[in-house]
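Dropping data_13.cif in here (mmCIF, C-alpha atoms):
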data_upload
loop_
_atom_site.label_atom_id
_atom_site.label_comp_id
_atom_site.auth_asym_id
_atom_site.auth_seq_id
_atom_site.Cartn_x
_atom_site.Cartn_y
_atom_site.Cartn_z
CA MET A 1387 -42.51 8.94 -28.35
CA LYS A 1388 -40.21 7.15 -30.74
CA SER A 1389 -37.44 9.67 -30.05
CA GLY A 1390 -37.81 9.24 -26.30
CA LEU A 1391 -37.85 5.47 -26.61
CA TYR A 1392 -34.76 5.60 -28.84
CA TYR A 1393 -32.73 7.64 -26.35
CA LYS A 1394 -33.89 5.47 -23.44
CA THR A 1395 -32.89 2.30 -25.31
CA LYS A 1396 -29.56 3.87 -26.24
CA LYS A 1397 -28.89 4.81 -22.61
CA VAL A 1398 -29.78 1.31 -21.37
CA THR A 1399 -27.58 -0.28 -24.04
CA LEU A 1400 -24.65 2.02 -23.17
CA ASN A 1401 -24.99 1.24 -19.46
CA LEU A 1402 -25.13 -2.48 -20.25
CA ILE A 1403 -21.94 -2.26 -22.32
CA ILE A 1404 -20.17 -0.30 -19.58
CA HIS A 1405 -21.22 -2.78 -16.88
CA LEU A 1406 -20.16 -5.73 -19.02
CA LEU A 1407 -16.78 -4.11 -19.59
CA LEU A 1408 -16.32 -3.42 -15.87
CA LEU A 1409 -17.43 -6.95 -15.02
CA THR A 1410 -14.86 -8.34 -17.45
CA VAL A 1411 -12.08 -6.26 -15.93
CA ALA A 1412 -13.16 -7.24 -12.39
CA THR A 1413 -13.18 -10.92 -13.38
CA THR A 1414 -9.66 -10.73 -14.82
CA CYS A 1415 -8.49 -9.18 -11.53
CA ILE A 1416 -10.29 -11.62 -9.23
CA LEU A 1417 -9.55 -14.81 -11.18
CA PRO A 1418 -5.80 -14.96 -10.33
CA LEU A 1419 -6.65 -14.46 -6.66
CA LEU A 1420 -9.21 -17.28 -6.76
CA TRP A 1421 -6.74 -19.52 -8.60
CA MET A 1422 -4.08 -18.79 -5.94
CA ILE A 1423 -6.46 -19.73 -3.11
CA SER A 1424 -7.64 -22.82 -4.98
CA SER A 1425 -4.07 -23.95 -5.69
CA SER A 1426 -3.15 -23.53 -2.03
CA LEU A 1427 -5.70 -26.23 -1.18
CA LYS A 1428 -4.41 -28.82 -3.70
CA THR A 1429 -1.46 -31.19 -3.74
CA GLN A 1430 1.71 -31.02 -5.79
CA GLU A 1431 0.36 -33.77 -8.05
CA THR A 1432 -3.10 -32.29 -8.68
CA ILE A 1433 -2.28 -28.59 -8.93
CA PHE A 1434 -1.66 -28.80 -12.69
CA LYS A 1435 -4.08 -31.64 -13.38
CA ASP A 1436 -7.16 -30.30 -11.60
CA MET A 1437 -8.00 -27.00 -13.30
CA SER A 1438 -11.23 -26.41 -11.35
CA ILE A 1439 -11.51 -23.41 -9.04
CA ILE A 1440 -13.04 -25.56 -6.30
CA PRO A 1441 -10.71 -28.49 -5.44
CA ARG A 1442 -12.17 -31.97 -5.11
CA VAL A 1443 -10.34 -32.42 -1.79
CA PHE A 1444 -9.36 -29.50 0.45
CA HIS A 1445 -5.82 -29.75 1.86
CA PHE A 1446 -5.85 -27.16 4.63
CA GLU A 1447 -2.66 -28.70 6.02
CA ASN A 1448 -0.78 -26.75 3.33
CA TYR A 1449 -1.24 -23.60 5.39
CA TYR A 1450 0.12 -25.27 8.51
CA GLN A 1451 3.14 -26.61 6.63
CA ALA A 1452 3.76 -23.24 4.99
CA TRP A 1453 3.62 -21.48 8.36
CA ILE A 1454 5.94 -23.98 10.09
CA GLU A 1455 8.41 -24.90 7.33
CA GLY A 1456 8.70 -21.38 5.97
CA GLY A 1457 9.13 -19.85 9.41
CA PHE A 1458 6.26 -17.52 8.60
CA GLY A 1459 5.63 -16.63 12.24
CA ARG A 1460 8.83 -14.61 12.67
CA TYR A 1461 8.74 -13.10 9.17
CA PHE A 1462 5.05 -12.24 9.51
CA LEU A 1463 5.65 -10.31 12.75
CA ASN A 1464 8.64 -8.56 11.13
CA SER A 1465 6.50 -7.39 8.21
CA ILE A 1466 3.73 -6.23 10.54
CA PHE A 1467 6.24 -4.23 12.59
CA TYR A 1468 7.95 -2.70 9.54
CA THR A 1469 4.66 -1.81 7.86
CA VAL A 1470 3.13 -0.18 10.95
CA ALA A 1471 6.32 1.74 11.79
CA VAL A 1472 6.85 2.99 8.22
CA VAL A 1473 3.22 3.98 7.67
CA ILE A 1474 3.07 5.88 10.97
CA GLY A 1475 6.33 7.64 10.13
CA ILE A 1476 5.18 8.57 6.62
CA VAL A 1477 1.75 9.82 7.79
CA PHE A 1478 3.32 11.93 10.54
CA ILE A 1479 6.16 13.44 8.50
CA SER A 1480 4.35 13.85 5.18
CA SER A 1481 1.24 15.43 6.72
CA MET A 1482 3.31 18.00 8.61
CA ALA A 1483 5.48 18.71 5.57
CA ALA A 1484 2.47 18.96 3.24
CA TYR A 1485 0.67 21.33 5.62
CA ALA A 1486 3.81 23.47 5.89
CA PHE A 1487 4.23 23.61 2.09
CA SER A 1488 0.56 24.47 1.67
CA ARG A 1489 -0.06 26.99 4.44
CA LEU A 1490 3.25 28.40 5.69
CA ARG A 1491 5.42 30.97 3.90
CA PHE A 1492 9.17 30.51 4.34
CA PRO A 1493 12.32 31.01 2.19
CA GLY A 1494 12.99 28.18 -0.25
CA ARG A 1495 9.51 26.68 0.12
CA ASN A 1496 8.95 26.12 -3.60
CA VAL A 1497 12.50 24.86 -4.17
CA LEU A 1498 12.20 22.28 -1.41
CA PHE A 1499 8.80 21.15 -2.69
CA PHE A 1500 10.13 20.69 -6.23
CA ILE A 1501 13.05 18.68 -4.85
CA PHE A 1502 10.60 16.32 -3.16
CA MET A 1503 8.59 16.06 -6.36
CA ALA A 1504 11.72 15.40 -8.42
CA ALA A 1505 12.50 12.46 -6.13
CA MET A 1506 9.34 10.77 -7.44
CA MET A 1507 11.05 10.35 -10.82
CA ILE A 1508 13.98 8.40 -9.35
CA PRO A 1509 13.25 4.65 -9.10
CA LEU A 1510 14.20 2.94 -5.86
CA GLN A 1511 16.72 0.73 -7.66
CA GLY A 1512 18.54 3.86 -8.85
CA SER A 1513 19.41 4.78 -5.27
CA PHE A 1514 20.60 1.38 -4.07
CA VAL A 1515 24.31 2.21 -4.21
CA ALA A 1516 23.87 5.52 -2.39
CA LEU A 1517 21.64 3.90 0.25
CA TYR A 1518 24.10 1.06 0.79
CA VAL A 1519 27.06 3.43 1.27
CA LEU A 1520 25.08 5.80 3.51
CA LEU A 1521 23.73 3.04 5.75
CA ASN A 1522 27.21 1.53 6.08
CA LYS A 1523 28.68 4.85 7.18
CA LEU A 1524 25.86 5.40 9.66
CA HIS A 1525 26.17 1.79 10.92
CA LEU A 1526 22.49 1.24 10.14
CA ARG A 1527 22.84 -1.57 7.61
CA ASN A 1528 21.46 -4.90 8.83
CA THR A 1529 19.27 -3.07 11.36
CA ALA A 1530 15.52 -2.66 11.55
CA LEU A 1531 15.92 1.11 12.00
CA GLY A 1532 17.92 1.44 8.79
CA TYR A 1533 15.28 -0.44 6.81
CA ILE A 1534 12.42 1.59 8.33
CA LEU A 1535 14.13 4.92 7.58
CA CYS A 1536 14.77 3.87 3.97
CA MET A 1537 11.15 2.85 3.44
CA ILE A 1538 9.89 6.09 5.01
CA ASN A 1539 12.09 7.99 2.57
CA VAL A 1540 10.67 5.98 -0.35
CA GLY A 1541 7.07 6.92 0.43
CA LEU A 1542 7.46 10.58 1.40
CA SER A 1543 7.36 12.29 -2.01
CA THR A 1544 4.09 10.80 -3.23
CA SER A 1545 2.45 11.22 0.18
CA ILE A 1546 3.46 14.88 0.44
CA PHE A 1547 2.14 15.54 -3.05
CA LEU A 1548 -1.26 13.95 -2.30
CA LEU A 1549 -1.68 15.70 1.06
CA LYS A 1550 -0.50 19.10 -0.16
CA THR A 1551 -3.03 18.96 -3.00
CA PHE A 1552 -5.75 18.37 -0.41
CA PHE A 1553 -4.55 21.06 2.01
CA ASP A 1554 -4.42 23.60 -0.83
CA LYS A 1555 -8.20 23.16 -1.26
CA MET A 1556 -9.02 23.34 2.45
CA PRO A 1557 -11.06 26.47 3.29
CA LYS A 1558 -9.02 29.07 5.16
CA GLU A 1559 -12.11 29.98 7.18
CA LEU A 1560 -11.69 26.75 9.15
CA GLU A 1561 -8.16 27.75 10.13
CA ASP A 1562 -9.28 31.27 11.05
CA ALA A 1563 -12.01 29.87 13.30
CA ALA A 1564 -9.52 27.53 14.98
CA ARG A 1565 -7.04 30.37 15.41
CA ILE A 1566 -9.72 32.50 17.10
CA ASP A 1567 -10.34 29.59 19.49
CA GLY A 1568 -6.67 29.73 20.44
CA CYS A 1569 -5.20 26.95 18.31
CA SER A 1570 -1.56 27.16 17.34
CA LYS A 1571 -0.30 26.06 13.91
CA ILE A 1572 0.39 22.60 15.32
CA GLY A 1573 -3.07 22.57 16.88
CA ILE A 1574 -4.71 23.50 13.57
CA TRP A 1575 -2.75 20.75 11.80
CA TRP A 1576 -3.79 18.19 14.42
CA HIS A 1577 -7.39 19.22 15.16
CA VAL A 1578 -8.50 20.62 11.79
CA ALA A 1579 -6.32 19.50 8.88
CA LEU A 1580 -5.81 15.84 9.77
CA PRO A 1581 -9.47 15.02 10.58
CA LEU A 1582 -10.57 16.55 7.27
CA ALA A 1583 -7.84 14.68 5.40
CA LYS A 1584 -9.03 11.19 6.40
CA PRO A 1585 -9.90 10.13 2.82
CA VAL A 1586 -6.47 11.19 1.54
CA LEU A 1587 -4.75 9.67 4.56
CA ALA A 1588 -6.52 6.39 3.81
CA VAL A 1589 -5.03 6.42 0.31
CA VAL A 1590 -1.59 7.25 1.73
CA VAL A 1591 -1.86 4.44 4.27
CA ILE A 1592 -2.93 1.82 1.73
CA LEU A 1593 -0.36 2.80 -0.92
CA ASN A 1594 2.54 2.80 1.53
CA ALA A 1595 1.40 -0.29 3.42
CA LEU A 1596 1.20 -2.17 0.14
CA ASN A 1597 4.64 -0.90 -0.86
CA VAL A 1598 6.29 -1.90 2.43
CA TRP A 1599 4.48 -5.23 2.69
CA ASN A 1600 5.60 -6.29 -0.79
CA GLU A 1601 9.17 -4.98 -0.57
CA PHE A 1602 11.78 -7.65 -1.25
CA ILE A 1603 14.89 -6.38 -3.05
CA LEU A 1604 15.71 -3.56 -0.60
CA ALA A 1605 15.38 -6.00 2.31
CA LEU A 1606 17.94 -8.31 0.69
CA LEU A 1607 20.26 -5.33 0.19
CA ILE A 1608 20.05 -4.04 3.76
CA PHE A 1609 19.73 -7.23 5.80
CA ASP A 1610 22.33 -9.95 6.24
CA SER A 1611 20.53 -11.58 9.16
CA ARG A 1612 17.55 -13.69 8.05
CA PRO A 1613 15.62 -13.21 11.33
CA LEU A 1614 15.33 -9.50 10.48
CA MET A 1615 13.94 -10.02 6.98
CA PRO A 1616 10.27 -9.43 6.05
CA LEU A 1617 7.63 -11.95 5.02
CA GLN A 1618 8.34 -11.85 1.27
CA VAL A 1619 11.73 -13.47 1.90
CA ALA A 1620 10.03 -16.50 3.48
CA LEU A 1621 8.34 -17.26 0.17
CA MET A 1622 11.74 -18.20 -1.27
CA THR A 1623 11.76 -21.21 1.06
CA PHE A 1624 9.40 -23.08 -1.26
CA GLN A 1625 11.38 -22.37 -4.44
CA GLY A 1626 14.15 -24.94 -4.64
CA GLU A 1627 16.82 -25.30 -7.31
CA PHE A 1628 14.95 -28.09 -9.11
CA VAL A 1629 11.47 -28.29 -7.55
CA THR A 1630 9.03 -25.59 -6.48
CA ARG A 1631 6.39 -26.70 -3.98
CA TYR A 1632 3.53 -24.78 -5.52
CA PRO A 1633 0.74 -25.61 -3.02
CA LEU A 1634 2.87 -24.37 -0.11
CA LEU A 1635 3.98 -21.37 -2.15
CA MET A 1636 0.35 -20.49 -2.94
CA ALA A 1637 -0.58 -20.95 0.71
CA GLY A 1638 2.24 -18.58 1.66
CA LEU A 1639 1.12 -16.04 -0.93
CA THR A 1640 -2.44 -16.23 0.42
CA ILE A 1641 -1.19 -15.59 3.95
CA ALA A 1642 0.90 -12.67 2.68
CA ALA A 1643 -2.03 -11.13 0.78
CA LEU A 1644 -4.57 -11.42 3.60
CA PRO A 1645 -3.44 -8.45 5.78
CA ILE A 1646 -3.48 -6.04 2.81
CA ILE A 1647 -6.95 -7.20 1.80
CA ILE A 1648 -8.19 -6.67 5.36
CA LEU A 1649 -6.57 -3.22 5.49
CA TYR A 1650 -8.26 -2.22 2.24
CA LEU A 1651 -11.66 -3.42 3.47
CA LEU A 1652 -11.23 -1.35 6.64
CA MET A 1653 -10.18 1.76 4.72
CA GLN A 1654 -12.47 1.53 1.70
CA LYS A 1655 -15.23 3.75 3.12
CA TYR A 1656 -12.78 6.64 3.45
CA ILE A 1657 -11.49 6.11 -0.09
CA ILE A 1658 -15.03 5.99 -1.49
CA LYS A 1659 -15.93 9.11 0.51
CA GLY A 1660 -12.93 10.92 -0.93
CA VAL A 1661 -13.85 9.94 -4.50
CA THR A 1662 -17.58 10.64 -4.28
CA GLN A 1663 -17.49 13.81 -2.21
CA GLY A 1664 -14.27 15.34 -3.43
CA ALA A 1665 -12.49 14.69 -0.13
CA VAL A 1666 -15.00 16.92 1.75
CA VAL A 1667 -13.56 20.20 0.54
CA GLY A 1668 -13.09 19.50 -3.15
#

Encoded form (C-alpha cells):
Amino acid sequence: MKSGLYYKTKKVTLNLIIHLLLLTVATTCILPLLWMISSSLKTQETIFKDMSIIPRVFHFENYYQAWIEGGFGRYFLNSIFYTVAVVIGIVFISSMAAYAFSRLRFPGRNVLFFIFMAAMMIPLQGSFVALYVLLNKLHLRNTALGYILCMINVGLSTSIFLLKTFFDKMPKELEDAARIDGCSKIGIWWHVALPLAKPVLAVVVILNALNVWNEFILALLIFDSRPLMPLQVALMTFQGEFVTRYPLLMAGLTIAALPIIILYLLMQKYIIKGVTQGAVVG
C-alpha cells in the first residue's frame, strides 16, 4: 500500500512540475504578445507610465491612424499576395520534387537531393550578392515576380526535406492500388500522396507563410518602388529619427501578426494530427 501510494504521489508530483514548467514557458511566450496589444491601446504619454496589461482608457483610434498614416492598406494587400503566391509555389514544387526523390529512380537523384539539402546550410544573407546580380541580368529586380521567385527558392530545401521524409514512410500498397485503378504517377501524387500529406503540408504552409510574411531585408534589396514593398516596410513609418510613435507601432505590429495567428489556428488540427498520429503513416 505504502509503495503504491509512494509511486502515485511521485507521479502526481512529477506531472505537477512538468505542467508548471510548461505553464511558465507559455506565459513567457504570451506575455510579450499581450503587452504589444495593450500598448497599442495606450497613448504616447502613458505607454511607459501605465504598466498594466489592461489600459485604463482604450484608444482604438491608434489602429485607424496606423492603417491610414502607415499606408497599411496597400502594403497589407502586397504581403497577402506575396505570401499566397510563394506558399502555393513552394507546396506545388516541393511536393512534386519530394515525391520524385522518394519514389522515382533516375540518374543523379541522390546528388540532386544532397544539393538541395546543402542549400539549407547557406543563410539567405549569404546569397544576397548573387541574387542581386542574377535578378538584374534577368530584369526581374524591382518586380513582384522576382521577389516571389526568390522567396520560393528560399523555402524549397526545407519543404522538400520534410515532404520526402513523409513520402518515404508512405505504404507502397497504396500506390499499387492506385496504379491498378489506372492512376498515372501524377495521378498518384495528386490523389494519394498529397491527401495523406496534409499534416506535413500544414507545417510547410505555416513555416513558409511566416517566413514570407516577416521578410524585410530581401524586400529592401529587390524593391526600389515603395508601392511594391510588403507590410513589414510600413512599420518603419512610425520610427522617426528622434521619436518613435510606439502606440501606432504596436498597433501596426498587431495588425501584422493577426493573419499569421489566424492561419495557425486554421491549420493547428492538421499539425496536432501529424504529431499525435505520426502523420497517418508513421

Contact residues around Ile1574 in chain A with all atoms listed in the file at 8 Å, ignoring same-chain residues under 4 positions, as a PyMOL selection string
chain A and resi 1561+1564-1565+1569-1570+1578-1579

Prev. selection, C-alpha atoms, output as a compact mmCIF listing (two decimals), in the frame of the given file:
# COMPACT_ATOMS: atom_id res chain seq x y z
CA GLU A 1561 -8.16 27.75 10.13
CA ALA A 1564 -9.52 27.53 14.98
CA ARG A 1565 -7.04 30.37 15.41
CA CYS A 1569 -5.20 26.95 18.31
CA SER A 1570 -1.56 27.16 17.34
CA VAL A 1578 -8.50 20.62 11.79
CA ALA A 1579 -6.32 19.50 8.88

Could you state the separation of CA of Ser1480 in chain A and CA of Cys1536 in chain A in Å, given to one decimal place?
14.5 Å

Would you pick out the contacts of Gly1459 in chain A at 12 Å or less, using all atoms listed in the file, so that residues sharing its chain but fewer than 6 positions from it are not included, and give the list as a JSON list (two decimals) with C-alpha atoms, in the frame of the given file?
[["chain", "number", "residue", "atom", "x", "y", "z"],
["A", 1449, "TYR", "CA", -1.24, -23.60, 5.39],
["A", 1450, "TYR", "CA", 0.12, -25.27, 8.51],
["A", 1451, "GLN", "CA", 3.14, -26.61, 6.63],
["A", 1452, "ALA", "CA", 3.76, -23.24, 4.99],
["A", 1453, "TRP", "CA", 3.62, -21.48, 8.36],
["A", 1465, "SER", "CA", 6.50, -7.39, 8.21],
["A", 1466, "ILE", "CA", 3.73, -6.23, 10.54],
["A", 1613, "PRO", "CA", 15.62, -13.21, 11.33],
["A", 1615, "MET", "CA", 13.94, -10.02, 6.98],
["A", 1616, "PRO", "CA", 10.27, -9.43, 6.05],
["A", 1617, "LEU", "CA", 7.63, -11.95, 5.02],
["A", 1620, "ALA", "CA", 10.03, -16.50, 3.48],
["A", 1638, "GLY", "CA", 2.24, -18.58, 1.66],
["A", 1641, "ILE", "CA", -1.19, -15.59, 3.95],
["A", 1642, "ALA", "CA", 0.90, -12.67, 2.68]]

Return as AutoDock Vina command-line options the centre and edge lengths, in Å with one decimal, of the box along x, y and z that encloses every atom of range 1394-1406 of chain A in the file, padded by 3 Å per side.
--center_x -27.0 --center_y -0.1 --center_z -21.6 --size_x 19.7 --size_y 17.2 --size_z 15.4

Taking the file above as input, evaluate the PyMOL selection byres ((chain A and resi 1553) around 12) and report the hits as a short mmCIF file (atom, residue, chain, number, x, y, z; two decimals) with C-alpha atoms, in the coordinates of the input.
data_model
loop_
_atom_site.label_atom_id
_atom_site.label_comp_id
_atom_site.auth_asym_id
_atom_site.auth_seq_id
_atom_site.Cartn_x
_atom_site.Cartn_y
_atom_site.Cartn_z
CA SER A 1480 4.35 13.85 5.18
CA SER A 1481 1.24 15.43 6.72
CA MET A 1482 3.31 18.00 8.61
CA ALA A 1483 5.48 18.71 5.57
CA ALA A 1484 2.47 18.96 3.24
CA TYR A 1485 0.67 21.33 5.62
CA ALA A 1486 3.81 23.47 5.89
CA PHE A 1487 4.23 23.61 2.09
CA SER A 1488 0.56 24.47 1.67
CA ARG A 1489 -0.06 26.99 4.44
CA LEU A 1490 3.25 28.40 5.69
CA ILE A 1546 3.46 14.88 0.44
CA PHE A 1547 2.14 15.54 -3.05
CA LEU A 1548 -1.26 13.95 -2.30
CA LEU A 1549 -1.68 15.70 1.06
CA LYS A 1550 -0.50 19.10 -0.16
CA THR A 1551 -3.03 18.96 -3.00
CA PHE A 1552 -5.75 18.37 -0.41
CA ASP A 1554 -4.42 23.60 -0.83
CA LYS A 1555 -8.20 23.16 -1.26
CA MET A 1556 -9.02 23.34 2.45
CA PRO A 1557 -11.06 26.47 3.29
CA LYS A 1558 -9.02 29.07 5.16
CA LEU A 1560 -11.69 26.75 9.15
CA GLU A 1561 -8.16 27.75 10.13
CA ILE A 1574 -4.71 23.50 13.57
CA TRP A 1575 -2.75 20.75 11.80
CA VAL A 1578 -8.50 20.62 11.79
CA ALA A 1579 -6.32 19.50 8.88
CA LEU A 1580 -5.81 15.84 9.77
CA PRO A 1581 -9.47 15.02 10.58
CA LEU A 1582 -10.57 16.55 7.27
CA ALA A 1583 -7.84 14.68 5.40
CA LYS A 1584 -9.03 11.19 6.40
CA VAL A 1586 -6.47 11.19 1.54
CA LEU A 1587 -4.75 9.67 4.56
CA ALA A 1665 -12.49 14.69 -0.13
CA VAL A 1666 -15.00 16.92 1.75
CA VAL A 1667 -13.56 20.20 0.54
CA GLY A 1668 -13.09 19.50 -3.15
#

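Reported to one decimal place, the separation of CA of Ser1426 in chain A from CA of Pro1633 in chain A is 4.5 Å.
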
Please compute the CA of Val1619 in chain A-CA of Phe1602 in chain A distance, one decimal, in Å.
6.6 Å

The PyMOL selection byres ((chain A and resi 1440) around 10) applied to the shown file, residues as number ranges by chain
A: 1420-1421, 1423-1425, 1427-1428, 1436-1439, 1441-1444
